[in-house]
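> Take a look at the following structure, please.
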Amino acid sequence: MSAVTAAPDADTASRWRPRVTHLQRVDPLAAERAAADLLTALGMDLTDDNLVETPRRMAHALIEMTSGADFELTTFPNDDDYDELVLVRDIRVQSLCEHHMLPFVGVAHVGYIPGERIVGLSKLARMVELHARRPQTQERLTKRIADHLRTELDPRGVGVVVEAEHTCMGLRGARTPGARTSTSALFGHLRDDSRTRAEFLALTRSTP
Ligand SMILES: Nc1nc2c(ncn2[C@@H]2O[C@H](COP(=O)(O)OP(=O)(O)OP(=O)(O)O)[C@@H](O)[C@H]2O)c(=O)[nH]1
Ligand SMILES: [Zn+2]
């Protein structure tokens, strides 16, 4: 028997559709119904005026947080043969841990050593945002950002560091608010050349 008490109609669902890049099928109506079922199972009365729209909001918030927007990676010729580190620090990251569907929030530092082309700096931030919007582990997020840059740009080296706080550890369970997890993915010169690697890791070291 269905526990849905505030069934969304097709109109409501079609008001908002995300641009999805990695999920094959997103069904906002089914998500709303499932959210209503979950909230009802948690003992909430969805006939209450304050809660009647909550399943729709909850479903759409989750869809929004798991739908990355794709973009064109603008690149330029590396005419000056710039061969040192390019690093964008402190790009805000917010994602969802795939184990609890609770947010983890922090920053990413994305660096590379150009090869034949350089990339528009904002695209590094867009790359983080694109990959962050899905349920996953922090390790996978870090690796995906680095793989994307490596595959699309073919630079001499890539380095990505993500530093984040997991609310599934802070707000529940182990209850360790403030604990931050660092992950890194390094390729090419940034992995193999000790001077460049040390420079990158020093520049990305968090300040207390
Ligand atoms: N490696 C890794 N683990 C994560 C990440 N996000 C959450 N986790 C962990 O995933 C694990 C899931 O473990 P379970 O024991 O199945 O879950 P649980 O019973 O809720 O465990 P507690 O969180 O310890 O209460 C937990 O240890 C989480 O801290 C992540 O990005 N990377
Ligand atoms: Zn978790």
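Residues in the structure tokens are named by chain (A, B, ... in the order shown) and by number from 1 within that chain; ligands are numbered from 1 in the order shown.
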Can you pull out every residue from chain A that DSSP, working from the backbone, puts in alpha helix (DSSP H), and format the result as a ChimeraX atom specification?
/A:10-14,28-41,54-65,121-132,138-153,167-170,189-192,194-204
> Give the residue list for ligand 2 at 9 Å, counting only C-alpha atoms and all ligand atoms, as a PyMOL selection string, sorted by chain and then by residue number.
chain A and resi 96-104+137+166-169
> Please identify the strand (DSSP E) residues within stretch 8-141 of chain A (assignment by DSSP from backbone atoms) and present them as a ChimeraX atom specification.
/A:75-77,86-97,103-113,117-119,135-136
> Using only C-alpha atoms, which protein or nucleic acid residues come within 10 Å of A:Arg144? Drop anything in the same chain fewer than 3 positions from it, and give the result as a ChimeraX atom specification.
/A:127-128,131-132,138-141,147-150,160,185
> So, counting only C-alpha atoms and all ligand atoms, which residue among A:Gly173, A:Pro77, A:Gly43, A:Gly188 is closest to ligand 1?
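Selected residue with least distance to ligand 1: A:Gly173.
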> Of the candidates A:Gln136, A:Ser184, A:Thr74, A:Gln94, which shows the shortest atom-to-atom distance to ligand 1, using only C-alpha atoms and all ligand atoms?
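Selected residue with least distance to ligand 1: A:Gln136.
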> Rounded to one decimal, what separation in Å do you get between atom CA of A:Thr66 and atom 30 (C, counted along the ligand's line) of ligand 1?
15.9 Å
> Would you list the contacts of A:Arg92 as a list in words, taking every protein, DNA or RNA residue within 12 Å and counting only C-alpha atoms, but skipping same-chain residues closer than 3 positions in sequence?
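So the residues in contact are Val88, Arg89, Ser95, Phe104, Val105, Gly106, Val107, Ala108, His109, Val110, Leu124, Ala125, Arg126, Met127, Val128, Glu129, Ala132, Val161, Val162, Glu163, Ala164 and Glu165 of chain A.
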> For ligand 1, which of A:Ala174, A:Ala202, A:Ala36, A:Ala146 is the closest residue, counting only C-alpha atoms and all ligand atoms?
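Among the listed residues, A:Ala174 lies closest to ligand 1.
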> Nearest to ligand 1: which of A:Leu62, A:Leu171, A:Leu73, A:Leu201 is it, counting only C-alpha atoms and all ligand atoms?
A:Leu171
> For the atom pair atom CA of A:Leu38 and atom CA of A:Ala179, what is the interatomic distance in Å to one decimal place?
29.6 Å
> Could you name the residues that touch A:Phe187 at 12 Å or less, counting only C-alpha atoms, but leaving out those on the same chain fewer than 5 positions away, as a PyMOL selection string?
chain A and resi 111-113+143+145-151+154-160+192-193+196-197+200
> Pull C-alpha atoms from the residues just selected and write them as a compact mmCIF listing (two decimals), in the first residue's frame.

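Writing the result to part26.txt gives the following:
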```txt
# COMPACT_ATOMS: atom_id res chain seq x y z
CA GLY A 111 46.75 22.58 -10.76
CA TYR A 112 48.46 21.60 -13.98
CA ILE A 113 51.62 22.14 -15.98
CA LYS A 143 40.38 11.26 -9.28
CA ILE A 145 38.59 15.90 -11.71
CA ALA A 146 42.20 14.96 -12.40
CA ASP A 147 41.25 12.44 -15.11
CA HIS A 148 39.02 14.98 -16.83
CA LEU A 149 41.80 17.57 -17.01
CA ARG A 150 44.34 15.01 -18.13
CA THR A 151 42.15 13.58 -20.88
CA ASP A 154 46.84 16.53 -22.31
CA PRO A 155 49.04 18.67 -20.04
CA ARG A 156 52.54 17.79 -18.76
CA GLY A 157 51.17 17.24 -15.29
CA VAL A 158 47.98 17.42 -13.22
CA GLY A 159 47.46 17.75 -9.48
CA VAL A 160 44.19 17.85 -7.57
CA ASP A 192 57.13 12.06 -10.93
CA ASP A 193 59.21 15.22 -10.51
CA THR A 196 57.32 20.10 -8.76
CA ARG A 197 55.43 17.67 -6.57
CA PHE A 200 52.42 21.73 -5.51
```
